[in-house]
>>> print(open('target_28.txt').read())   # compact mmCIF, C-alpha atoms
# COMPACT_ATOMS: atom_id res chain seq x y z
CA MET P 237 0.00 0.00 0.00
CA GLU P 238 1.42 3.36 -1.05
CA GLN P 239 1.11 6.56 0.98
CA ASP P 240 -1.79 8.01 -1.02
CA GLU P 241 -3.70 4.74 -0.66
CA LEU P 242 -3.20 4.68 3.11
CA ILE P 243 -4.35 8.30 3.45
CA ALA P 244 -7.43 7.52 1.36
CA PHE P 245 -8.12 4.45 3.52
CA VAL P 246 -8.02 6.50 6.73
CA ARG P 247 -10.21 9.23 5.23
CA ASP P 248 -12.76 6.64 4.06
CA ASN P 249 -12.92 5.14 7.54
CA GLY P 250 -14.03 8.07 9.62
CA TYR P 251 -11.25 10.67 9.42
CA PRO P 252 -11.92 12.67 6.25
CA HIS P 253 -9.42 15.41 7.15
CA PHE P 254 -6.43 13.09 7.59
CA THR P 255 -3.33 14.47 5.87
CA ALA P 256 0.13 13.43 4.74
CA ARG P 257 1.56 15.71 7.42
CA GLN P 258 -0.26 13.78 10.12
CA LEU P 259 0.97 10.48 8.69
CA LYS P 260 4.53 11.81 8.74
CA ARG P 261 4.12 12.67 12.43
CA PHE P 262 2.84 9.15 13.11
CA ARG P 263 5.93 7.72 11.38
CA GLU P 264 8.32 9.98 13.28
CA GLU P 265 6.74 8.94 16.56
CA LYS P 266 7.11 5.22 15.65
CA ALA P 267 3.36 4.80 15.90
CA VAL P 268 3.08 3.68 12.27
CA GLU P 269 5.73 1.65 10.46
CA VAL P 270 6.81 2.32 6.92
CA GLN P 271 9.11 0.54 4.51
CA ILE P 272 11.44 2.87 2.63
CA GLU P 273 12.86 1.65 -0.68
CA HIS P 274 15.48 3.27 -2.88
CA PRO P 275 14.75 2.12 -6.44
CA GLY P 276 17.53 4.23 -7.89
CA PHE P 277 18.22 7.64 -9.39
CA GLY P 278 18.14 9.16 -5.91
CA GLY P 279 14.43 8.61 -5.37
CA THR P 280 12.60 6.86 -2.51
CA THR P 281 9.35 4.93 -2.30
CA SER P 282 7.31 4.54 0.89
CA THR P 283 5.10 1.47 1.22
CA TYR P 284 2.79 0.46 4.06
CA SER P 285 1.43 -2.89 5.17
CA ALA P 286 -2.21 -3.62 5.93
CA GLU P 287 -1.30 -3.50 9.64
CA SER P 288 0.08 0.02 9.17
CA ALA P 289 -3.31 1.11 7.86
CA SER P 290 -5.01 -0.40 10.92
CA ARG P 291 -2.45 1.27 13.17
CA ALA P 292 -3.01 4.65 11.56
CA LEU P 293 -6.75 4.29 12.18
CA ALA P 294 -6.07 3.25 15.79
CA VAL P 295 -3.81 6.27 16.37
CA CYS P 296 -6.47 8.63 15.00
CA ARG P 297 -9.09 7.03 17.24
CA LEU P 298 -6.89 7.17 20.35
CA LEU P 299 -5.96 10.80 19.78
CA LYS P 300 -9.64 11.70 19.35
CA GLN P 301 -10.94 9.61 22.27
CA LYS P 302 -8.23 10.58 24.75
CA ARG P 303 -8.10 14.22 23.64
CA GLY P 304 -4.34 14.36 23.91
CA ARG P 305 -1.23 14.59 21.81
CA ASP P 306 1.21 12.63 23.98
CA PHE P 307 2.70 9.94 21.76
CA HIS P 308 4.22 8.19 24.76
CA ALA P 309 0.60 7.48 25.72
CA VAL P 310 -0.37 6.56 22.16
CA ARG P 311 2.42 3.98 21.91
CA PHE P 312 1.45 2.52 25.29
CA TRP P 313 -2.25 2.34 24.33
CA LEU P 314 -1.42 0.78 20.96
CA TRP P 315 0.62 -1.91 22.70
CA LEU P 316 -2.16 -2.55 25.23
CA GLU P 317 -4.49 -3.14 22.26
CA GLY P 318 -2.11 -5.74 20.83
CA PHE P 319 -0.10 -3.75 18.29
CA SER P 320 3.64 -4.35 18.30
CA ILE P 321 5.96 -1.67 19.70
CA GLU P 322 9.73 -2.07 19.99
CA VAL P 323 10.38 -3.17 23.60
CA GLY P 324 12.98 -0.53 24.44
CA LEU P 325 10.80 2.28 23.08
CA LEU P 326 7.79 0.86 24.91
CA LYS P 327 9.59 0.92 28.27
CA VAL P 328 10.75 4.49 27.72
CA SER P 329 7.19 5.52 26.82
CA ILE P 330 5.69 3.85 29.88
CA TRP P 331 8.19 5.42 32.25
CA ASN P 332 7.84 8.86 30.70
CA LEU P 333 4.12 8.69 31.43
CA THR P 334 4.62 8.14 35.18
CA PRO P 335 4.67 11.13 37.55
CA PHE P 336 8.28 10.28 38.44
CA SER P 337 9.90 10.35 35.01
CA SER P 338 11.98 13.48 35.76
CA TRP P 339 12.85 12.59 39.37
CA LYS P 340 16.43 12.02 40.45
CA GLU P 341 17.04 9.31 43.03
CA PRO P 342 18.49 10.66 46.32
CA GLY P 343 21.87 9.18 47.15
CA THR P 344 21.50 8.62 50.89
CA SER P 345 18.84 7.56 53.38
CA ARG P 346 18.83 11.03 54.92
CA GLU P 347 18.25 12.64 51.53
CA ARG P 348 15.36 10.25 50.85
CA GLN P 349 13.83 11.18 54.20
CA ARG P 350 14.07 14.88 53.41
CA ALA P 351 12.67 14.38 49.92
CA ALA P 352 9.73 12.36 51.28
CA GLN P 353 8.90 15.02 53.88
CA ALA P 354 9.09 17.81 51.31
CA LEU P 355 6.88 15.90 48.89
CA ALA P 356 4.28 15.20 51.60
CA GLN P 357 4.07 18.90 52.44
CA LYS P 358 3.89 19.87 48.76
CA ILE P 359 1.04 17.41 48.12
CA PHE P 360 -0.82 18.60 51.21
CA ASN P 361 -0.61 22.26 50.19
CA ALA P 362 -1.55 21.58 46.56
CA ALA P 363 -4.54 19.42 47.51
CA TRP P 364 -6.19 22.19 49.53
CA LYS P 365 -5.17 25.13 47.33
CA SER P 366 -6.75 23.66 44.21
CA VAL P 367 -10.13 25.15 43.35
CA ARG P 368 -11.34 21.92 41.77
CA THR P 369 -11.96 18.68 43.65
CA ASN P 370 -9.06 16.28 43.25
CA PHE P 371 -8.36 12.70 44.25
CA ILE P 372 -5.79 13.55 46.94
CA ARG P 373 -8.19 15.99 48.61
CA THR P 374 -10.90 13.33 48.54
CA VAL P 375 -8.53 10.92 50.30
CA LEU P 376 -7.57 13.52 52.92
CA GLN P 377 -11.20 14.40 53.56
CA ASN P 378 -11.65 10.88 54.92
CA PHE P 379 -9.92 12.21 58.03
CA GLY P 380 -12.18 15.24 58.37
CA ASP P 381 -11.86 19.00 57.84
CA GLU P 382 -8.33 20.30 57.32
CA LYS P 383 -9.09 23.18 59.70
CA ASP P 384 -9.53 20.72 62.57
CA GLN P 385 -6.17 20.20 64.30
CA GLN P 386 -6.56 16.45 64.88
CA SER P 387 -7.79 15.87 61.32
CA ARG P 388 -4.92 17.91 59.92
CA GLU P 389 -2.37 15.88 61.92
CA ASP P 390 -3.90 12.60 60.67
CA GLN P 391 -3.86 13.87 57.07
CA GLN P 392 -0.19 14.79 57.33
CA TRP P 393 0.61 11.48 59.05
CA PHE P 394 -1.03 9.60 56.16
CA LEU P 395 0.87 11.60 53.53
CA ASN P 396 4.19 11.14 55.35
CA LEU P 397 3.65 7.37 55.40
CA ALA P 398 2.73 7.34 51.71
CA THR P 399 5.70 9.42 50.54
CA LYS P 400 8.13 7.36 52.62
CA LEU P 401 6.86 4.26 50.86
CA LEU P 402 7.22 6.11 47.56
CA TYR P 403 10.87 6.86 48.28
CA GLY P 404 11.58 3.30 49.42
CA ILE P 405 12.34 4.16 53.04
CA THR P 406 12.18 0.85 54.91
CA PRO P 407 11.09 0.15 58.52
CA ASN P 408 14.75 -0.52 59.39
CA GLU P 409 15.75 3.05 58.62
CA GLY P 410 15.40 5.85 61.13
CA GLU P 411 11.82 7.18 61.16
CA GLY P 412 10.90 4.61 58.53
CA PRO P 413 7.26 3.52 58.08
CA ASP P 414 6.76 0.71 60.61
CA PHE P 415 3.33 -0.91 60.40
CA THR P 416 3.92 -3.42 63.19
CA ARG P 417 1.09 -3.18 65.71
CA ASP P 418 2.03 -1.93 69.19
CA TYR P 419 -1.45 -2.28 70.67
CA VAL P 420 -3.52 -5.41 71.06
CA SER P 421 -6.79 -3.48 71.23
CA GLU P 422 -8.67 -2.79 68.02
CA SER P 423 -8.34 0.97 68.18
CA ALA P 424 -9.55 1.55 64.64
CA SER P 425 -12.84 -0.24 65.26
CA GLN P 426 -13.46 2.22 68.11
CA GLY P 427 -12.87 5.21 65.84
CA GLN P 428 -9.35 5.84 67.14
CA LEU P 429 -6.49 6.03 64.64
CA GLU P 430 -3.47 5.27 66.82
CA GLU P 431 -1.51 2.94 64.53
CA PRO P 432 0.17 3.58 61.14
CA ALA P 433 -1.74 0.64 59.63
CA ASP P 434 -5.05 2.14 60.80
CA ILE P 435 -4.16 5.56 59.39
CA PHE P 436 -3.23 4.08 56.01
CA ALA P 437 -6.30 1.83 55.81
CA HIS P 438 -8.59 4.69 56.85
CA GLY P 439 -7.14 7.02 54.23
CA LEU P 440 -7.68 4.46 51.47
CA GLN P 441 -11.05 3.39 52.92
CA THR P 442 -10.16 -0.29 52.60
CA LYS P 443 -13.06 -1.22 54.87
CA HIS P 444 -15.39 -0.72 51.90
CA ILE P 445 -13.54 -3.42 49.96
CA ARG P 446 -14.88 -6.42 51.84
CA SER P 447 -12.63 -8.88 49.98
CA LEU P 448 -9.56 -7.41 51.72
CA PRO P 449 -8.38 -8.57 55.17
CA LYS P 450 -9.70 -6.42 58.01
CA ASP P 451 -6.17 -5.90 59.33
CA LEU P 452 -3.61 -4.91 56.68
CA ALA P 453 -0.72 -4.34 59.09
CA GLY P 454 1.22 -7.43 57.98
CA ASP P 455 0.75 -6.74 54.28
CA LEU P 456 1.75 -3.09 54.65
CA GLN P 457 4.86 -4.09 56.60
CA ASP P 458 5.82 -6.50 53.79
CA ILE P 459 5.29 -3.77 51.18
CA ALA P 460 7.50 -1.39 53.19
CA HIS P 461 10.30 -3.96 53.68
CA LYS P 462 10.32 -4.98 50.00
CA GLN P 463 9.99 -1.35 48.81
CA LEU P 464 7.16 -2.39 46.52
CA LEU P 465 5.88 1.18 46.15
CA SER P 466 9.31 2.76 45.70
CA TRP P 467 9.44 4.70 42.45
CA ALA P 468 13.10 3.76 42.02
CA LYS P 469 12.21 0.07 42.27
CA LEU P 470 9.29 0.47 39.89
CA LYS P 471 11.68 1.97 37.33
CA ALA P 472 14.33 -0.73 37.79
CA VAL P 473 11.78 -3.52 37.44
CA LEU P 474 10.23 -1.98 34.32
CA PHE P 475 13.51 -1.59 32.45
CA ALA P 476 14.70 -5.08 33.47
CA ALA P 477 11.41 -6.79 32.49
CA THR P 478 11.40 -9.41 29.76
CA THR P 479 8.91 -9.44 26.90
CA GLU P 480 7.04 -12.30 28.61
CA GLU P 481 6.78 -10.35 31.87
CA LEU P 482 5.49 -7.28 30.04
CA GLU P 483 2.86 -9.33 28.24
CA LEU P 484 1.70 -10.94 31.50
CA ALA P 485 1.25 -7.51 33.10
CA ARG P 486 -0.65 -6.41 29.98
CA GLU P 487 -3.12 -9.27 30.44
CA ARG P 488 -3.81 -8.01 33.96
CA GLN P 489 -3.90 -4.29 33.20
CA ASP P 490 -7.68 -4.09 32.91
CA VAL P 491 -8.36 -6.33 35.91
CA PHE P 492 -8.12 -3.54 38.49
CA ASP P 493 -10.64 -1.37 36.66
CA HIS P 494 -13.01 -4.33 36.32
CA LEU P 495 -12.52 -5.13 40.01
CA LEU P 496 -13.49 -1.58 41.00
CA GLU P 497 -16.46 -1.73 38.64
CA CYS P 498 -17.64 -5.01 40.23
CA LEU P 499 -17.33 -3.44 43.68
CA GLU P 500 -19.29 -0.41 42.47
CA ILE P 501 -22.06 -2.50 40.90
CA MET P 502 -22.49 -4.52 44.09
CA GLY P 503 -22.32 -1.47 46.34
CA TYR P 504 -18.99 -2.35 47.96
CA ALA P 505 -17.07 0.70 46.72
CA GLY P 506 -17.05 4.03 48.51
CA ARG P 507 -17.06 7.48 46.89
CA MET P 508 -13.27 7.56 46.84
CA HIS P 509 -13.04 4.26 44.96
CA ARG P 510 -15.54 5.46 42.37
CA LEU P 511 -13.36 8.53 41.84
CA LEU P 512 -10.32 6.26 41.61
CA ARG P 513 -11.87 4.53 38.60
CA THR P 514 -12.03 7.89 36.86
CA VAL P 515 -8.48 8.82 37.84
CA LEU P 516 -7.14 5.50 36.53
CA LYS P 517 -8.24 6.48 33.02
CA ARG P 518 -5.38 8.98 32.96
CA PRO P 519 -2.20 7.85 31.16
CA ALA P 520 0.06 8.61 34.14
CA LEU P 521 -1.94 6.38 36.47
CA GLN P 522 -2.30 3.65 33.84
CA ALA P 523 1.48 3.55 33.45
CA LEU P 524 1.97 3.59 37.21
CA LEU P 525 -0.46 0.70 37.67
CA PHE P 526 1.36 -1.26 34.97
CA CYS P 527 4.71 -0.78 36.73
CA ALA P 528 3.13 -1.80 40.04
CA LEU P 529 1.78 -5.02 38.49
CA LEU P 530 5.26 -5.88 37.22
CA THR P 531 6.80 -5.22 40.62
CA MET P 532 4.17 -7.19 42.55
CA GLU P 533 4.62 -10.15 40.19
CA GLN P 534 8.38 -10.23 40.74
CA ASN P 535 8.09 -9.99 44.52
CA GLY P 536 6.00 -13.00 45.37
CA TYR P 537 2.49 -11.68 44.67
CA GLY P 538 2.03 -13.45 41.33
CA ALA P 539 -0.30 -16.11 42.77
CA ASN P 540 -2.41 -13.42 44.46
CA LEU P 541 -2.66 -11.43 41.23
CA GLU P 542 -3.62 -14.55 39.29
CA GLU P 543 -6.32 -15.43 41.82
CA ILE P 544 -7.76 -11.91 41.63
CA SER P 545 -7.54 -11.93 37.82
CA THR P 546 -9.34 -15.25 37.56
CA THR P 547 -12.07 -14.20 40.00
CA VAL P 548 -12.65 -10.88 38.23
CA ARG P 549 -12.69 -12.43 34.74
CA ILE P 550 -15.33 -14.94 35.86
CA ASN P 551 -17.52 -12.51 37.82
CA TRP P 552 -17.21 -9.27 35.84
CA PRO P 553 -19.38 -10.41 32.88
CA ILE P 554 -21.90 -11.90 35.35
CA PHE P 555 -22.14 -8.64 37.30
CA LYS P 556 -22.44 -6.64 34.08
CA ARG P 557 -25.25 -8.91 32.91
CA MET P 558 -26.98 -8.53 36.29
CA GLN P 559 -26.68 -4.77 35.97
CA GLU P 560 -28.09 -4.82 32.44
CA PHE P 561 -30.90 -7.17 33.56
CA ARG P 562 -31.98 -4.83 36.34
CA ALA P 563 -31.79 -1.73 34.13
CA THR P 564 -33.86 -3.42 31.42
CA LEU P 565 -36.37 -4.73 33.96
CA GLN P 566 -36.79 -1.26 35.49
CA HIS P 567 -37.47 0.16 32.03
CA GLU P 568 -39.92 -2.52 30.82
CA LEU P 569 -41.44 -3.91 34.03
CA PRO P 570 -40.93 -1.24 36.71
CA GLU P 571 -43.63 -2.62 39.02
CA ILE P 572 -41.80 -5.96 39.18
CA ALA P 573 -38.36 -4.36 39.48
CA ARG P 574 -39.48 -2.54 42.61
CA GLU P 575 -40.04 -5.88 44.33
CA ILE P 576 -36.46 -7.01 43.68
CA PRO P 577 -33.79 -5.51 46.01
CA SER P 578 -31.03 -3.45 44.40
CA LEU P 579 -27.65 -5.00 43.60
CA PRO P 580 -25.91 -3.17 46.49
CA THR P 581 -28.53 -4.60 48.84
CA LEU P 582 -27.92 -8.05 47.38
CA GLY P 583 -24.15 -7.60 47.72
CA LYS P 584 -24.42 -6.63 51.37
CA LEU P 585 -26.72 -9.57 52.03
CA LEU P 586 -24.34 -12.07 50.41
CA VAL P 587 -21.33 -10.79 52.35
CA GLU P 588 -22.79 -9.79 55.70
CA GLY P 589 -26.16 -11.55 55.86
CA THR P 590 -26.90 -14.68 57.85
CA GLN P 591 -27.84 -17.99 56.24
CA GLN P 592 -31.42 -17.43 57.35
CA GLU P 593 -31.52 -13.99 55.69
CA ARG P 594 -30.10 -15.40 52.44
CA VAL P 595 -32.68 -18.21 52.39
CA ALA P 596 -35.44 -15.67 53.02
CA TYR P 597 -34.15 -13.54 50.13
CA LEU P 598 -34.12 -16.49 47.70
CA THR P 599 -37.62 -17.46 48.83
CA HIS P 600 -38.77 -13.90 48.15
CA LEU P 601 -37.31 -14.05 44.62
CA GLN P 602 -39.13 -17.31 43.95
CA ASP P 603 -42.39 -15.79 45.17
CA VAL P 604 -41.92 -12.75 42.92
CA TYR P 605 -41.30 -15.02 39.94
CA GLN P 606 -44.37 -17.14 40.62
CA GLN P 607 -46.56 -14.05 41.01
CA HIS P 608 -45.38 -12.63 37.69
CA LYS P 609 -44.45 -15.81 35.83
CA GLU P 610 -46.15 -14.92 32.57
CA ALA P 611 -44.52 -11.48 32.42
CA PHE P 612 -41.11 -12.90 33.35
CA ASP P 613 -41.28 -15.65 30.72
CA ALA P 614 -42.11 -13.08 28.05
CA PHE P 615 -39.27 -10.88 29.29
CA TRP P 616 -36.74 -13.71 28.95
CA GLN P 617 -37.98 -14.56 25.47
CA HIS P 618 -37.36 -10.98 24.40
CA HIS P 619 -33.91 -10.85 26.08
CA PRO P 620 -32.29 -14.32 25.83
CA ALA P 621 -28.78 -12.83 26.11
CA LEU P 622 -29.50 -11.71 29.68
CA ARG P 623 -29.84 -15.27 30.89
CA GLU P 624 -26.87 -16.85 29.09
CA GLU P 625 -24.76 -19.08 31.32
>>> encode(input="target_28.txt", output="C-alpha cells")
Amino acid sequence: MEQDELIAFVRDNGYPHFTARQLKRFREEKAVEVQIEHPGFGGTTSTYSAESASRALAVCRLLKQKRGRDFHAVRFWLWLEGFSIEVGLLKVSIWNLTPFSSWKEPGTSRERQRAAQALAQKIFNAAWKSVRTNFIRTVLQNFGDEKDQQSREDQQWFLNLATKLLYGITPNEGEGPDFTRDYVSESASQGQLEEPADIFAHGLQTKHIRSLPKDLAGDLQDIAHKQLLSWAKLKAVLFAATTEELELARERQDVFDHLLECLEIMGYAGRMHRLLRTVLKRPALQALLFCALLTMEQNGYGANLEEISTTVRINWPIFKRMQEFRATLQHELPEIAREIPSLPTLGKLLVEGTQQERVAYLTHLQDVYQQHKEAFDAFWQHHPALREE
C-alpha cells in the first residue's frame, strides 16, 4: 500500500481530514511503520502494510478519544491493544508517562527522608489550594476538615507514610514507616487512629472493599520492607522486564478497573473508589499501575494477582449482565423491578447476611417469579442474552 492509498483508507474510515503531514508525524513517533525503498536515481518509495493502515486508524481514534497529543501514551495504548511496539521504546514511553519520570534518586537515606517530607508537604498544600476537587483531597477528607487540628495531623501522618513508601524508606531506617502493631486493642474499630496501619487503611477506605483482610498491618509491613511502592524500584523492574513479563502484566492491566467496577455495581465501593476509577483512566496512572503489576509479580504476589484476575474475569461479565438485567427490567417492568432488592442490597446480604436472611431472600425471589411468571417468561424470550450461562 502506497502513501496516497493509506491516506485515502483513513479518510474513508471516519477521518476525512487526515493528511500526509499527520501520517509523517505518526511515522516519526514510531506509531506507524513504513518501509522505505530506494529504487535508484536518488528517489525513494514509501510502502505500508495492511497492519500500518489499521495502526493509523487506531492512532487517530486514540488521539480523538483521549483528547491528547502525547505519543508516549499513544504507543502505550497501541501496545495494550495488541499492536507491536519495539520493547525498548515501549519501556521508555511507559516510564515517561509516570509522575516520576523526571525525578532524580536521592543518594542517601537522609536525603530520601528529606525528599519524602518535602513531597508530603507539597502534596498537602496543593490538595487544599486547588479550586477543583481532586483525588488527593478526597482521600484527605476521609480524616475530616483540614481546619480541625486532629484531622490535619492525621492527614499529614497519612501523607508522610505514603511518601516514605514512595521513596523506598524501609522500617529498618530511622523514622521509617513501621506498620507493626504496638497495641492489642482494636483501636480503629473504636474510631481511634493510633496505629500507622489504621491511618493508612482509613485514608484508602479499605473497609469498603470487603474482599480485603480487616487488618492490613502485615501486608503493609511486607510492602514497606520490600519497597514495593518505591518509584526507584518500579523503574528498575520496568527496564529489566522481559517481553514475557510485560505481556503478562498487559493481560492483567484491565483487571483492576473491572474489580473496581464489580465493587461499584455490588455497592462495595465508597465514593473515593468510584473517583479512583475515573483517575485511573489517565495515562500517568495507567502507566503507574502497569509498573506496580510488574513489581508485585516479581516480589511474590504473582499467585495473588492470578487469583484476583481469575475471580474478576469470571464474575465481571456476570455482574455486568446482572446490571443490564436490572436496568432493562426497570425500564420494561418497573412494578416488578421494585419488588427485587437493588444490587448493592444483594451484595451486602451475600457478604454480611446470615444464612437465614439469604434463604429468606431467595424465597422472596421465587415468590416474585411465581406471582409474575407470565410477564417474566415473556421478558426472557425478548432478552435471551441476559440469561446466558
>>> atom_distance(input="target_28.txt", atom1="atom CA of Ile330 of chain P", atom2="atom CA of Ala523 of chain P")
5.5 Å
>>> residues_around(input="target_28.txt", residues="Leu316 of chain P", least_positions_apart="6", cutoff="10 Å", atoms="all atoms listed in the file", output="PyMOL selection string")
chain P and resi 310+483+485-487+489-490
>>> residues_around(input="target_28.txt", residues="Phe436 of chain P", least_positions_apart="3", cutoff="10 Å", atoms="only C-alpha atoms", output="PDB file with C-alpha atoms, in the frame of the given file")
ATOM      1  CA  ASP P 390      -3.900  12.600  60.670  1.00  0.00           C
ATOM      2  CA  GLN P 391      -3.860  13.870  57.070  1.00  0.00           C
ATOM      3  CA  TRP P 393       0.610  11.480  59.050  1.00  0.00           C
ATOM      4  CA  PHE P 394      -1.030   9.600  56.160  1.00  0.00           C
ATOM      5  CA  LEU P 395       0.870  11.600  53.530  1.00  0.00           C
ATOM      6  CA  LEU P 397       3.650   7.370  55.400  1.00  0.00           C
ATOM      7  CA  ALA P 398       2.730   7.340  51.710  1.00  0.00           C
ATOM      8  CA  PHE P 415       3.330  -0.910  60.400  1.00  0.00           C
ATOM      9  CA  LEU P 429      -6.490   6.030  64.640  1.00  0.00           C
ATOM     10  CA  GLU P 431      -1.510   2.940  64.530  1.00  0.00           C
ATOM     11  CA  PRO P 432       0.170   3.580  61.140  1.00  0.00           C
ATOM     12  CA  ALA P 433      -1.740   0.640  59.630  1.00  0.00           C
ATOM     13  CA  GLY P 439      -7.140   7.020  54.230  1.00  0.00           C
ATOM     14  CA  LEU P 440      -7.680   4.460  51.470  1.00  0.00           C
ATOM     15  CA  GLN P 441     -11.050   3.390  52.920  1.00  0.00           C
ATOM     16  CA  THR P 442     -10.160  -0.290  52.600  1.00  0.00           C
ATOM     17  CA  LEU P 452      -3.610  -4.910  56.680  1.00  0.00           C
ATOM     18  CA  ALA P 453      -0.720  -4.340  59.090  1.00  0.00           C
ATOM     19  CA  LEU P 456       1.750  -3.090  54.650  1.00  0.00           C
TER      20      LEU P 456
END
>>> residues_around(input="target_28.txt", residues="segment 468-475 of chain P", least_positions_apart="2", cutoff="7 Å", atoms="only C-alpha atoms", output="tab-separated table (two decimals) with C-alpha atoms, keeping the file's coordinate frame")
chain	number	residue	atom	x	y	z
P	327	LYS	CA	9.59	0.92	28.27
P	341	GLU	CA	17.04	9.31	43.03
P	466	SER	CA	9.31	2.76	45.70
P	477	ALA	CA	11.41	-6.79	32.49
P	527	CYS	CA	4.71	-0.78	36.73
P	528	ALA	CA	3.13	-1.80	40.04
P	530	LEU	CA	5.26	-5.88	37.22
P	531	THR	CA	6.80	-5.22	40.62
>>> atom_distance(input="target_28.txt", atom1="atom CA of Phe262 of chain P", atom2="atom CA of Ala292 of chain P")
7.5 Å
>>> residues_around(input="target_28.txt", residues="Arg388 of chain P", least_positions_apart="4", cutoff="12 Å", atoms="all atoms listed in the file", output="list in words")
Gln357, Phe360, Asn361, Trp364, Arg373, Leu376, Gln377, Asn378, Phe379, Gly380, Asp381, Glu382, Lys383, Asp384, Gln392, Trp393, Phe394 and Leu395 of chain P
>>> build_atoms(input="target_28.txt", residues="segment 305-322 of chain P", atoms="N, CA and C atoms", output="PDB file, in the coordinates of the input")
ATOM      1  N   ARG P 305      -2.209  14.667  22.887  1.00  0.00           N
ATOM      2  CA  ARG P 305      -1.230  14.590  21.810  1.00  0.00           C
ATOM      3  C   ARG P 305       0.079  13.960  22.302  1.00  0.00           C
ATOM      4  N   ASP P 306       0.017  13.248  23.412  1.00  0.00           N
ATOM      5  CA  ASP P 306       1.210  12.630  23.980  1.00  0.00           C
ATOM      6  C   ASP P 306       1.435  11.280  23.313  1.00  0.00           C
ATOM      7  N   PHE P 307       2.461  11.188  22.485  1.00  0.00           N
ATOM      8  CA  PHE P 307       2.700   9.940  21.760  1.00  0.00           C
ATOM      9  C   PHE P 307       3.330   8.871  22.631  1.00  0.00           C
ATOM     10  N   HIS P 308       3.854   9.221  23.800  1.00  0.00           N
ATOM     11  CA  HIS P 308       4.220   8.190  24.760  1.00  0.00           C
ATOM     12  C   HIS P 308       2.969   7.396  25.138  1.00  0.00           C
ATOM     13  N   ALA P 309       1.867   8.119  25.375  1.00  0.00           N
ATOM     14  CA  ALA P 309       0.600   7.480  25.720  1.00  0.00           C
ATOM     15  C   ALA P 309       0.052   6.680  24.545  1.00  0.00           C
ATOM     16  N   VAL P 310       0.148   7.250  23.352  1.00  0.00           N
ATOM     17  CA  VAL P 310      -0.370   6.560  22.160  1.00  0.00           C
ATOM     18  C   VAL P 310       0.350   5.235  21.957  1.00  0.00           C
ATOM     19  N   ARG P 311       1.678   5.234  22.087  1.00  0.00           N
ATOM     20  CA  ARG P 311       2.420   3.980  21.910  1.00  0.00           C
ATOM     21  C   ARG P 311       2.022   2.959  22.975  1.00  0.00           C
ATOM     22  N   PHE P 312       1.856   3.418  24.217  1.00  0.00           N
ATOM     23  CA  PHE P 312       1.450   2.520  25.290  1.00  0.00           C
ATOM     24  C   PHE P 312       0.056   1.939  25.012  1.00  0.00           C
ATOM     25  N   TRP P 313      -0.892   2.795  24.614  1.00  0.00           N
ATOM     26  CA  TRP P 313      -2.250   2.340  24.330  1.00  0.00           C
ATOM     27  C   TRP P 313      -2.278   1.385  23.142  1.00  0.00           C
ATOM     28  N   LEU P 314      -1.485   1.685  22.110  1.00  0.00           N
ATOM     29  CA  LEU P 314      -1.420   0.780  20.960  1.00  0.00           C
ATOM     30  C   LEU P 314      -0.955  -0.604  21.396  1.00  0.00           C
ATOM     31  N   TRP P 315       0.083  -0.631  22.226  1.00  0.00           N
ATOM     32  CA  TRP P 315       0.620  -1.910  22.700  1.00  0.00           C
ATOM     33  C   TRP P 315      -0.405  -2.642  23.563  1.00  0.00           C
ATOM     34  N   LEU P 316      -1.132  -1.922  24.407  1.00  0.00           N
ATOM     35  CA  LEU P 316      -2.160  -2.550  25.230  1.00  0.00           C
ATOM     36  C   LEU P 316      -3.246  -3.180  24.356  1.00  0.00           C
ATOM     37  N   GLU P 317      -3.477  -2.597  23.177  1.00  0.00           N
ATOM     38  CA  GLU P 317      -4.490  -3.140  22.260  1.00  0.00           C
ATOM     39  C   GLU P 317      -3.965  -4.281  21.422  1.00  0.00           C
ATOM     40  N   GLY P 318      -2.662  -4.590  21.539  1.00  0.00           N
ATOM     41  CA  GLY P 318      -2.110  -5.740  20.830  1.00  0.00           C
ATOM     42  C   GLY P 318      -1.199  -5.409  19.659  1.00  0.00           C
ATOM     43  N   PHE P 319      -1.029  -4.129  19.350  1.00  0.00           N
ATOM     44  CA  PHE P 319      -0.100  -3.750  18.290  1.00  0.00           C
ATOM     45  C   PHE P 319       1.333  -3.877  18.800  1.00  0.00           C
ATOM     46  N   SER P 320       2.240  -4.180  17.900  1.00  0.00           N
ATOM     47  CA  SER P 320       3.640  -4.350  18.300  1.00  0.00           C
ATOM     48  C   SER P 320       4.339  -2.994  18.414  1.00  0.00           C
ATOM     49  N   ILE P 321       5.127  -2.849  19.484  1.00  0.00           N
ATOM     50  CA  ILE P 321       5.960  -1.670  19.700  1.00  0.00           C
ATOM     51  C   ILE P 321       7.327  -2.192  20.148  1.00  0.00           C
ATOM     52  N   GLU P 322       8.382  -1.633  19.612  1.00  0.00           N
ATOM     53  CA  GLU P 322       9.730  -2.070  19.990  1.00  0.00           C
ATOM     54  C   GLU P 322       9.882  -1.968  21.513  1.00  0.00           C
TER      55      GLU P 322
END
